[in-house]
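Shown next: final_37.txt, given as compact mmCIF, C-alpha atoms.
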# COMPACT_ATOMS: atom_id res chain seq x y z
CA MET A 1 22.47 -2.22 -17.19
CA ASN A 2 19.17 -3.87 -16.29
CA LYS A 3 19.59 -6.79 -18.67
CA PHE A 4 18.54 -9.72 -16.54
CA PHE A 5 15.27 -10.25 -14.71
CA HIS A 6 13.84 -12.67 -12.20
CA LEU A 7 10.30 -12.77 -10.81
CA GLY A 8 9.98 -9.97 -8.27
CA PHE A 9 7.67 -8.07 -10.66
CA PHE A 10 4.68 -10.18 -9.95
CA ILE A 11 4.43 -12.11 -6.70
CA LEU A 12 6.06 -10.09 -3.97
CA LEU A 13 6.52 -11.31 -0.45
CA GLY A 14 8.06 -9.73 2.63
CA PHE A 15 9.23 -12.07 5.37
CA SER A 16 10.36 -11.08 8.83
CA LEU A 17 13.76 -12.12 10.11
CA ASN A 18 12.23 -14.57 12.55
CA ALA A 19 15.09 -16.84 13.51
CA GLN A 20 12.82 -19.66 14.64
CA LEU A 21 11.38 -20.01 11.13
CA GLU A 22 14.71 -19.34 9.42
CA MET A 23 12.96 -17.44 6.65
CA LYS A 24 14.45 -14.81 4.42
CA ARG A 25 12.81 -11.43 4.42
CA CYS A 26 11.72 -11.87 0.80
CA GLY A 27 10.40 -15.16 -0.56
CA THR A 28 10.12 -14.04 -4.20
CA TYR A 29 12.81 -16.35 -5.55
CA GLU A 30 11.37 -19.37 -3.73
CA ALA A 31 7.88 -18.55 -5.02
CA ALA A 32 9.22 -18.28 -8.56
CA GLN A 33 11.02 -21.61 -8.37
CA HIS A 34 7.95 -23.28 -6.91
CA GLN A 35 5.74 -21.94 -9.70
CA GLU A 36 8.27 -23.00 -12.35
CA THR A 37 7.74 -26.60 -11.23
CA LEU A 38 3.97 -26.18 -11.59
CA THR A 39 4.00 -24.21 -14.83
CA PRO A 40 7.14 -24.95 -16.88
CA GLY A 41 8.27 -21.85 -18.77
CA TYR A 42 6.88 -19.58 -16.06
CA LEU A 43 10.10 -17.62 -15.47
CA GLN A 44 10.69 -17.10 -19.19
CA ASN A 45 7.16 -15.74 -19.62
CA ILE A 46 7.57 -13.47 -16.60
CA ASN A 47 10.66 -11.94 -18.15
CA GLU A 48 8.97 -11.46 -21.53
CA ALA A 49 6.00 -9.80 -19.87
CA PHE A 50 8.27 -7.49 -17.94
CA TYR A 51 10.09 -6.46 -21.11
CA ARG A 52 6.71 -5.67 -22.69
CA ALA A 53 5.64 -3.59 -19.67
CA LYS A 54 8.96 -1.74 -19.69
CA ASP A 55 8.40 -0.83 -23.35
CA ASN A 56 5.04 0.72 -22.42
CA VAL A 57 6.25 3.28 -19.91
CA SER A 58 4.14 6.39 -19.61
CA HIS A 59 5.00 9.60 -21.41
CA ASP A 60 2.21 11.50 -19.65
CA ARG A 61 3.79 12.46 -16.35
CA ALA A 62 1.45 15.33 -15.37
CA THR A 63 -2.07 13.86 -15.20
CA ILE A 64 -2.96 12.83 -11.66
CA TYR A 65 -4.31 9.29 -11.55
CA THR A 66 -6.51 8.61 -8.51
CA ILE A 67 -7.03 4.95 -7.62
CA PRO A 68 -10.04 3.88 -5.50
CA VAL A 69 -9.13 1.61 -2.60
CA VAL A 70 -11.17 -0.82 -0.54
CA VAL A 71 -9.60 -2.06 2.69
CA HIS A 72 -10.86 -5.45 3.92
CA VAL A 73 -10.09 -5.86 7.62
CA VAL A 74 -10.27 -9.55 8.50
CA TYR A 75 -9.83 -10.15 12.22
CA ASN A 76 -10.05 -12.85 14.85
CA SER A 77 -8.98 -10.87 17.93
CA THR A 78 -9.83 -7.27 18.73
CA ASP A 79 -6.18 -6.25 18.22
CA GLU A 80 -6.46 -7.27 14.59
CA ASN A 81 -9.57 -5.13 14.06
CA ILE A 82 -7.58 -1.98 13.34
CA PRO A 83 -9.47 1.31 13.82
CA ASP A 84 -10.55 3.64 11.03
CA SER A 85 -7.87 6.12 12.10
CA VAL A 86 -5.15 3.65 11.06
CA ILE A 87 -6.79 3.12 7.67
CA PHE A 88 -7.10 6.88 7.09
CA ASN A 89 -3.46 7.22 8.05
CA GLN A 90 -2.32 4.50 5.65
CA ILE A 91 -4.09 6.22 2.75
CA GLN A 92 -2.36 9.44 3.73
CA VAL A 93 1.02 7.67 3.85
CA LEU A 94 0.41 6.24 0.39
CA ASN A 95 -0.45 9.67 -0.99
CA GLU A 96 2.59 11.27 0.58
CA ALA A 97 4.90 8.55 -0.71
CA PHE A 98 3.54 8.53 -4.25
CA GLY A 99 3.28 12.32 -4.25
CA PHE A 100 6.80 12.85 -2.84
CA THR A 101 5.36 15.07 -0.10
CA ASN A 102 6.49 13.10 2.97
CA THR A 103 8.45 15.37 5.30
CA ASP A 104 11.46 13.05 5.51
CA THR A 105 12.36 13.55 1.86
CA VAL A 106 14.92 15.93 3.38
CA ASN A 107 16.87 12.80 4.35
CA LEU A 108 17.42 11.91 0.69
CA ARG A 109 21.09 12.15 -0.29
CA ASP A 110 21.89 14.94 -2.75
CA THR A 111 23.25 12.25 -5.07
CA PHE A 112 19.69 11.17 -5.90
CA ASN A 113 17.94 14.56 -6.03
CA THR A 114 17.72 14.68 -9.82
CA ILE A 115 16.26 11.19 -10.29
CA VAL A 116 13.34 11.24 -7.82
CA GLY A 117 9.97 12.97 -7.68
CA SER A 118 6.21 12.66 -7.55
CA THR A 119 4.51 9.83 -9.43
CA ASN A 120 1.29 11.88 -9.68
CA ILE A 121 -0.55 8.76 -8.54
CA GLN A 122 -2.94 9.17 -5.63
CA PHE A 123 -5.29 6.94 -3.64
CA GLU A 124 -8.65 7.42 -1.95
CA LEU A 125 -10.98 5.13 -0.06
CA ALA A 126 -13.72 4.10 -2.45
CA THR A 127 -16.86 6.21 -2.25
CA ILE A 128 -19.07 4.06 -4.48
CA GLY A 129 -19.29 0.30 -3.95
CA PRO A 130 -19.80 -2.46 -6.54
CA ASP A 131 -23.56 -2.22 -5.91
CA GLY A 132 -23.58 1.44 -6.92
CA LEU A 133 -24.28 2.64 -3.39
CA SER A 134 -22.08 4.96 -1.39
CA THR A 135 -19.51 3.34 0.89
CA THR A 136 -16.75 4.13 3.34
CA GLY A 137 -14.33 1.93 1.39
CA ILE A 138 -13.81 -0.27 4.46
CA THR A 139 -15.17 -3.76 5.15
CA ARG A 140 -14.82 -5.64 8.43
CA THR A 141 -15.07 -9.41 8.77
CA GLN A 142 -14.69 -11.36 12.00
CA THR A 143 -13.28 -14.81 11.30
CA SER A 144 -12.76 -18.03 13.22
CA ILE A 145 -9.33 -18.38 11.60
CA THR A 146 -6.62 -17.37 14.06
CA GLU A 147 -3.85 -17.00 11.46
CA PHE A 148 -3.82 -17.19 7.67
CA GLY A 149 -0.18 -18.19 7.22
CA ASP A 150 1.01 -21.76 7.01
CA ILE A 151 4.30 -23.54 6.47
CA GLY A 152 3.64 -23.75 2.73
CA ILE A 153 4.80 -20.16 2.20
CA ILE A 154 8.41 -21.34 2.59
CA THR A 155 8.13 -23.08 -0.79
CA GLY A 156 5.94 -20.40 -2.37
CA ASP A 157 2.61 -22.14 -1.77
CA MET A 158 0.26 -19.21 -1.20
CA SER A 159 -2.99 -21.14 -0.81
CA GLY A 160 -3.14 -20.69 2.96
CA LEU A 161 -2.61 -16.95 2.80
CA GLU A 162 -5.08 -16.64 -0.06
CA ARG A 163 -7.91 -17.70 2.25
CA ILE A 164 -8.05 -14.10 3.48
CA LYS A 165 -9.44 -13.15 0.06
CA SER A 166 -12.37 -15.57 0.19
CA THR A 167 -15.54 -15.28 2.26
CA ALA A 168 -16.10 -19.04 1.97
CA ASN A 169 -12.65 -19.66 3.46
CA GLY A 170 -12.90 -17.28 6.40
CA GLY A 171 -11.83 -14.06 4.69
CA HIS A 172 -13.65 -11.53 2.52
CA ASP A 173 -14.35 -11.73 -1.20
CA PRO A 174 -12.75 -8.98 -3.29
CA TRP A 175 -14.65 -6.17 -4.87
CA ASP A 176 -14.38 -5.88 -8.67
CA GLN A 177 -10.61 -6.11 -9.06
CA SER A 178 -10.62 -4.24 -12.35
CA ARG A 179 -12.15 -1.19 -10.66
CA TYR A 180 -10.73 -1.22 -7.12
CA LEU A 181 -7.38 -1.74 -5.48
CA ASN A 182 -8.32 -4.38 -2.90
CA ILE A 183 -6.15 -4.38 0.24
CA TRP A 184 -6.65 -7.12 2.83
CA VAL A 185 -5.36 -6.62 6.38
CA GLY A 186 -5.13 -9.55 8.78
CA ASP A 187 -2.87 -11.91 10.69
CA LEU A 188 -0.50 -13.70 8.32
CA SER A 189 1.38 -15.48 11.11
CA VAL A 190 2.65 -19.06 10.96
CA PHE A 191 2.42 -21.05 14.20
CA GLY A 192 2.25 -17.79 16.14
CA PHE A 193 5.32 -16.27 14.47
CA THR A 194 4.92 -13.21 12.29
CA ALA A 195 6.74 -14.45 9.23
CA ILE A 196 5.46 -12.31 6.38
CA MET A 197 4.76 -8.58 6.22
CA GLY A 198 2.86 -8.49 2.94
CA TYR A 199 2.58 -9.51 -0.68
CA ALA A 200 0.98 -8.25 -3.89
CA THR A 201 -0.05 -9.42 -7.35
CA PRO A 202 0.45 -7.89 -10.80
CA PRO A 203 -2.17 -7.16 -13.44
CA ALA A 204 -3.64 -10.50 -14.56
CA ASN A 205 -3.74 -9.51 -18.25
CA LEU A 206 -0.10 -8.77 -18.92
CA PRO A 207 1.01 -10.08 -22.33
CA ASN A 208 2.70 -13.51 -22.44
CA TRP A 209 1.29 -14.33 -19.01
CA PRO A 210 0.74 -18.10 -18.96
CA ALA A 211 -2.31 -19.76 -17.48
CA GLY A 212 -1.89 -20.42 -13.78
CA SER A 213 1.08 -18.12 -13.37
CA THR A 214 -0.36 -16.27 -10.43
CA ILE A 215 -0.49 -19.53 -8.45
CA GLY A 216 -4.24 -19.13 -8.18
CA MET A 217 -3.81 -15.84 -6.38
CA SER A 218 -6.57 -13.25 -6.40
CA ASP A 219 -5.52 -9.76 -7.48
CA GLY A 220 -4.63 -7.20 -4.83
CA VAL A 221 -2.43 -6.47 -1.81
CA VAL A 222 -2.26 -8.26 1.57
CA ILE A 223 -0.65 -6.69 4.66
CA GLN A 224 0.12 -8.00 8.15
CA TYR A 225 -2.12 -6.02 10.49
CA GLN A 226 0.68 -4.59 12.70
CA ALA A 227 2.49 -3.29 9.59
CA PHE A 228 -0.49 -1.26 8.37
CA GLY A 229 -0.29 2.51 8.89
CA SER A 230 2.20 4.60 10.83
CA ASN A 231 -0.09 5.18 13.83
CA ASN A 232 -1.01 1.55 14.51
CA PRO A 233 -1.66 1.04 18.24
CA VAL A 234 -0.58 -2.62 18.06
CA GLN A 235 3.19 -3.04 17.81
CA LEU A 236 5.24 -6.00 16.67
CA SER A 237 8.22 -7.10 18.75
CA ASP A 238 11.60 -6.92 17.03
CA GLY A 239 12.91 -9.77 19.22
CA ASN A 240 15.36 -7.47 21.00
CA GLY A 241 13.11 -5.87 23.57
CA GLY A 242 11.84 -3.21 21.18
CA SER A 243 9.28 -3.02 18.41
CA VAL A 244 9.56 -2.94 14.63
CA ASP A 245 9.51 0.61 13.24
CA PHE A 246 6.55 0.53 10.87
CA ARG A 247 5.71 3.78 9.07
CA GLY A 248 3.08 2.54 6.63
CA ARG A 249 5.72 1.84 4.01
CA THR A 250 5.18 -1.89 3.84
CA CYS A 251 1.94 -1.04 2.06
CA VAL A 252 3.75 1.55 -0.12
CA HIS A 253 6.22 -1.18 -1.15
CA GLU A 254 3.50 -3.70 -1.96
CA VAL A 255 1.39 -1.20 -3.91
CA GLY A 256 4.57 -0.49 -5.90
CA HIS A 257 4.61 -4.19 -6.79
CA TYR A 258 0.89 -4.08 -7.62
CA LEU A 259 1.73 -1.30 -10.10
CA GLY A 260 4.54 -3.26 -11.69
CA LEU A 261 7.73 -2.45 -9.79
CA ARG A 262 10.43 -5.00 -9.03
CA HIS A 263 12.58 -5.08 -5.92
CA ILE A 264 15.30 -2.53 -6.49
CA TRP A 265 18.08 -5.13 -6.21
CA GLY A 266 16.40 -7.33 -8.86
CA ASP A 267 16.18 -10.39 -6.59
CA GLY A 268 19.74 -11.37 -7.42
CA ASP A 269 23.31 -10.15 -7.68
CA CYS A 270 24.91 -7.27 -9.61
CA THR A 271 23.83 -8.75 -12.95
CA GLN A 272 20.19 -9.22 -12.00
CA GLU A 273 18.32 -5.98 -11.65
CA ASP A 274 14.91 -4.36 -11.52
CA GLY A 275 14.59 -3.20 -15.12
CA ILE A 276 14.58 0.50 -14.24
CA ASP A 277 17.39 2.53 -15.80
CA ASP A 278 17.79 5.09 -13.00
CA THR A 279 17.87 2.74 -9.99
CA PRO A 280 21.40 1.85 -8.86
CA ASN A 281 22.59 -1.74 -9.02
CA ALA A 282 22.84 -3.71 -5.78
CA ASP A 283 23.96 -7.25 -5.10
CA ALA A 284 21.26 -7.89 -2.48
CA ASN A 285 18.48 -6.22 -0.56
CA SER A 286 19.21 -4.13 2.53
CA GLN A 287 17.20 -6.25 4.95
CA THR A 288 20.05 -6.72 7.40
CA ILE A 289 20.94 -3.06 7.96
CA THR A 290 19.60 -1.30 11.05
CA THR A 291 20.61 2.23 10.10
CA CYS A 292 20.53 4.18 6.83
CA ASP A 293 24.11 3.40 5.79
CA THR A 294 25.11 5.96 3.15
CA LEU A 295 28.49 4.40 2.31
CA VAL A 296 27.40 1.07 0.82
CA ASN A 297 28.03 0.59 -2.90
CA THR A 298 27.92 -3.11 -3.73
CA CYS A 299 27.87 -2.91 -7.57
CA THR A 300 29.45 -0.85 -10.30
CA ASP A 301 26.97 0.76 -12.65
CA ASN A 302 26.70 3.76 -14.95
CA ILE A 303 23.60 5.91 -14.64
CA GLY A 304 24.09 8.60 -17.27
CA VAL A 305 25.93 11.70 -16.09
CA LEU A 306 25.56 10.52 -12.50
CA GLY A 307 27.95 7.63 -13.06
CA ASP A 308 28.33 4.90 -10.43
CA LEU A 309 25.77 5.51 -7.69
CA PRO A 310 25.76 3.92 -4.21
CA ASN A 311 23.01 1.56 -3.07
CA MET A 312 19.72 3.47 -2.84
CA GLN A 313 18.41 2.51 0.55
CA GLU A 314 16.07 5.49 0.34
CA ASN A 315 14.00 3.65 -2.27
CA TYR A 316 10.62 2.22 -1.30
CA MET A 317 11.36 -0.96 -3.24
CA ASP A 318 14.35 -1.90 -1.08
CA TYR A 319 14.00 -3.75 2.22
CA SER A 320 15.89 -1.17 4.22
CA PRO A 321 14.29 0.05 7.47
CA GLU A 322 11.15 2.03 6.79
CA GLY A 323 12.78 5.11 8.28
CA CYS A 324 15.28 5.05 5.38
CA GLN A 325 12.70 4.77 2.60
CA VAL A 326 11.62 8.14 1.21
CA ALA A 327 11.30 8.08 -2.60
CA PHE A 328 10.53 6.48 -5.94
CA THR A 329 12.73 7.28 -8.92
CA LEU A 330 11.43 8.92 -12.09
CA GLY A 331 11.98 5.66 -13.96
CA GLN A 332 9.83 3.82 -11.43
CA ARG A 333 7.20 6.54 -11.85
CA ASP A 334 7.12 6.05 -15.62
CA LEU A 335 6.76 2.27 -15.35
CA MET A 336 3.94 2.46 -12.78
CA ARG A 337 2.06 5.02 -14.85
CA GLY A 338 2.58 2.85 -17.93
CA VAL A 339 1.11 -0.14 -16.09
CA ILE A 340 -1.94 1.95 -15.16
CA GLU A 341 -2.37 3.18 -18.72
CA ASN A 342 -1.90 -0.22 -20.37
CA TYR A 343 -3.05 -2.83 -17.85
CA ARG A 344 -5.03 -1.20 -15.03
CA TRP A 345 -6.84 1.53 -16.91
CA ASP A 346 -10.26 0.52 -15.54
CA LEU A 347 -9.13 1.59 -12.07
CA ILE A 348 -9.14 5.21 -13.13
CA ASP A 349 -11.45 5.14 -16.18
CA ASN A 350 -14.61 3.49 -14.85
CA TYR A 351 -14.62 4.75 -11.29
CA PRO A 352 -17.40 7.33 -10.63
CA ALA A 353 -16.16 10.86 -10.01
CA VAL A 354 -17.59 11.21 -6.51
CA SER A 355 -16.00 13.42 -3.90
CA VAL A 356 -14.71 12.22 -0.56
CA ASP A 357 -17.72 13.97 0.99
CA ASP A 358 -20.11 11.36 -0.40
CA LEU A 359 -19.13 8.34 1.65
CA ASN A 360 -22.50 6.69 2.24
CA SER A 361 -26.08 6.57 1.06
CA ASN A 362 -27.21 9.17 3.63
CA SER A 363 -24.41 11.57 2.81
CA ASN A 364 -26.54 13.95 0.77
CA SER A 365 -28.79 14.62 3.77
CA ILE A 366 -25.80 15.95 5.75
CA ALA A 367 -24.05 19.24 5.02
CA VAL A 368 -21.23 21.03 6.83
CA PHE A 369 -21.17 24.82 6.55
CA PRO A 370 -19.52 27.21 6.37
CA ASN A 371 -16.69 25.28 4.77
CA PRO A 372 -13.97 26.53 5.13
CA SER A 373 -14.69 27.50 8.74
CA SER A 374 -12.74 29.55 11.27
CA SER A 375 -14.26 29.14 14.74
CA SER A 376 -17.31 26.87 14.39
CA PHE A 377 -19.43 25.10 11.80
CA GLN A 378 -22.97 23.79 11.52
CA ILE A 379 -23.94 20.26 10.55
CA LYS A 380 -27.23 20.37 8.67
CA GLY A 381 -29.32 17.22 9.09
CA LEU A 382 -27.47 16.11 12.23
CA GLU A 383 -29.43 13.93 14.63
CA LEU A 384 -29.05 14.62 18.33
CA ASN A 385 -26.88 12.15 20.24
CA SER A 386 -24.86 11.39 17.13
CA ASN A 387 -21.24 10.41 17.66
CA ILE A 388 -18.93 12.98 16.04
CA GLN A 389 -15.22 12.37 15.57
CA ILE A 390 -12.71 14.70 13.95
CA PHE A 391 -9.52 13.23 12.50
CA SER A 392 -6.44 14.93 11.14
CA MET A 393 -5.42 13.95 7.62
CA ASN A 394 -2.81 11.57 9.04
CA GLY A 395 -5.55 9.63 10.84
CA THR A 396 -5.08 11.01 14.37
CA LEU A 397 -8.30 11.39 16.38
CA ILE A 398 -8.33 15.08 17.37
CA TYR A 399 -11.77 15.54 18.88
CA GLN A 400 -14.81 13.47 19.80
CA THR A 401 -18.23 14.39 21.17
CA ILE A 402 -21.87 13.29 21.39
CA SER A 403 -23.94 15.96 19.69
CA THR A 404 -26.41 18.01 21.74
CA THR A 405 -26.53 20.75 19.11
CA SER A 406 -25.78 21.12 15.41
CA THR A 407 -23.01 23.65 16.13
CA ILE A 408 -19.48 22.31 16.53
CA ASN A 409 -16.88 24.63 18.07
CA ILE A 410 -13.46 24.36 16.43
CA ASP A 411 -11.61 27.21 18.16
CA HIS A 412 -9.14 24.70 19.57
CA LEU A 413 -8.17 23.23 16.19
CA GLN A 414 -5.27 24.46 14.10
CA GLN A 415 -5.59 25.49 10.48
CA GLY A 416 -5.74 22.57 8.07
CA ILE A 417 -7.99 19.95 6.49
CA TYR A 418 -9.83 17.48 8.71
CA ILE A 419 -12.06 14.43 8.28
CA ILE A 420 -15.34 14.46 10.23
CA LYS A 421 -16.89 11.08 10.93
CA ILE A 422 -20.56 11.15 11.98
CA THR A 423 -22.31 8.02 13.26
CA GLN A 424 -26.11 8.22 13.59
CA SER A 425 -29.11 5.90 13.14
CA ASN A 426 -26.89 3.03 12.05
CA ALA A 427 -25.46 5.26 9.29
CA LEU A 428 -21.87 6.38 8.88
CA ILE A 429 -21.24 9.71 7.16
CA THR A 430 -17.79 11.11 6.53
CA LYS A 431 -17.19 14.73 5.54
CA ARG A 432 -14.12 16.78 4.86
CA VAL A 433 -13.79 20.30 6.29
CA GLU A 434 -11.14 22.97 5.97
CA ILE A 435 -10.31 25.13 8.97
CA ILE A 436 -8.75 28.54 8.42
CA LYS A 437 -7.39 30.92 11.05

Represent the structure of the file as structure tokens.
Amino acid sequence: MNKFFHLGFFILLGFSLNAQLEMKRCGTYEAAQHQETLTPGYLQNINEAFYRAKDNVSHDRATIYTIPVVVHVVYNSTDENIPDSVIFNQIQVLNEAFGFTNTDTVNLRDTFNTIVGSTNIQFELATIGPDGLSTTGITRTQTSITEFGDIGIITGDMSGLERIKSTANGGHDPWDQSRYLNIWVGDLSVFGFTAIMGYATPPANLPNWPAGSTIGMSDGVVIQYQAFGSNNPVQLSDGNGGSVDFRGRTCVHEVGHYLGLRHIWGDGDCTQEDGIDDTPNADANSQTITTCDTLVNTCTDNIGVLGDLPNMQENYMDYSPEGCQVAFTLGQRDLMRGVIENYRWDLIDNYPAVSVDDLNSNSNSIAVFPNPSSSSFQIKGLELNSNIQIFSMNGTLIYQTISTTSTINIDHLQQGIYIIKITQSNALITKRVEIIK
């Protein structure tokens, strides 16, 4: 199996099913064909590079790789300026998905239990910026551009969308792309229609990668603002009187592409696959299903002792509804870890080992104690009239107050780990506290 490859590994797009634009949910094939006309031999080189990456799968499955993330929020309207709570939540969703700790793993069919698991890849908002100073890992840029999409995306022309990655063009310049996973969040609409949910780029230094093959795209991930996080207050209409069920897994899917994964159906039919030995064959993506159909088996394959498996709509690299997606396979894990070890090593090798407690330059002047706490804690160095917010680890705002004392009562909070965000004197300090009962 897994003998034929198309693009899908490198430039990954997710289109909505907007009837007015008559776009497919995924524009990967169109982007590949467009680039082939610009750079003859492009598809052949993509395939050779993918073979090389597949040969460099990781054999270290235990070490936890933590990738620093910077989220660039680029907004025109206030709706697009998503709150910190949504960003915290998206990081949590990423960690649950890549750690196989999301609660809905119970929905995984028993058929796949032996081929899925944790990738031991985790993500955290960057704590040290390119200038060496502490940071929250979030940038915010108000732009005059009302939408970054344009009609060119139908043919794979990404130049309009790429403006979001450039300060000079109304977006925000990336941080050092060898050291940070840059994620841009903004409005990718085309003529007012939400036509694309997200896209990602591969490592730029993959072997056999021809000049110009990334269509001038800057490295990182781009997400439509309504599709970011599972607690996003701004919903996207599904065209049928409801809203699209986003659970933060659009970003999971695109980060999978960023770390080298193909679409699970291989962007083709039963002979064109994703290059991963333990993902079942499929003749197409599952973009048209509305429920998690467990009976579909569109291709015959042979996955070791498991034999012919049905379509794996539970896989993050399908386009099934986000409520169906719950797992990566062990083969996908090995390829992503191999990409980190061979092509994105600087992400985890050069990043300073700074804890989540040190999120800005004034962080060392603030201390939370006792930590863990049971009924209350003190904030040393707290200025009066500071704004204090307490978030759960999934990004939900639990408590907010203006400080009149350094003592914060937490009797009403349940046991767990919480993020405390303190705003004072134009400084933002974020601390993590554990509450025990």

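Of note, atom CA of Ile183 of chain A and atom CA of His72 of chain A are spaced 6.1 Å apart.
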
Handout entry: Top pick for closest residue to Asp346 of chain A, considering A:His253, A:His412, A:Arg179, A:Arg163 and counting only C-alpha atoms
Key = A:Arg179

Problem - Straight-line distance linking atom CA of Val222 of chain A with atom CA of Thr66 of chain A, stated in Å to one decimal - result: 20.1 Å

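The gap separating atom CA of Ile379 of chain A from atom CA of Ile138 of chain A is 23.7 Å, in Å to one decimal.
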
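Distances from A:Tyr199, A:Phe328, A:Tyr316, A:Tyr75 to Gly186 of chain A were compared using all atoms listed in the file, and the smallest one belongs to A:Tyr75.
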
Completion exercise
Of A:Leu236, A:Ile128, A:Ile91, A:Val305, the one nearest to Asp79 of chain A when counting all atoms listed in the file is A:Leu236

Handout entry: Residue neighbourhood segment 260-271 of chain A, 6 Å, all atoms listed in the file, exclusion window fewer than 3 positions, as a list in words
Key = Gly8, Phe9, Gly256, His257, Asp274, Ala282, Asp283, Ala284, Asn285, Cys299, Met317, Asp318 and Met336 of chain A

Handout entry: Residue among A:Arg249, A:Thr143, A:Ile121, A:Ile436 lying closest to Asp411 of chain A, counting only C-alpha atoms
Key = A:Ile436

Exercise for the section: Determine, counting all atoms listed in the file, which protein, DNA and RNA residues have an atom within 8 Å of an atom of Gly323 of chain A; residues of the same chain fewer than 4 positions away are not included. Present the result as a ChimeraX atom specification. Expected result: /A:245,247,292

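Compared by their closest atoms to Ile419 of chain A, and using all atoms listed in the file, the residues A:Phe123, A:Pro83, A:Phe88, A:Gly99 rank with A:Phe88 nearest.
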
Handout entry: Proximity to Lys165 of chain A - best of A:Val74, A:Thr127, A:Ile145, A:Phe246, all atoms listed in the file
Key = A:Val74

Exercise for the section: Compute the distance from (-0.9, -5.8, 3.7) to each atom, counting only C-alpha atoms, keep the residues with any atom at most 6 Å away, and return them as an MDAnalysis selection string; use the coordinates of the file. Expected result: chainID A and resid 184:185 198 221:224 251
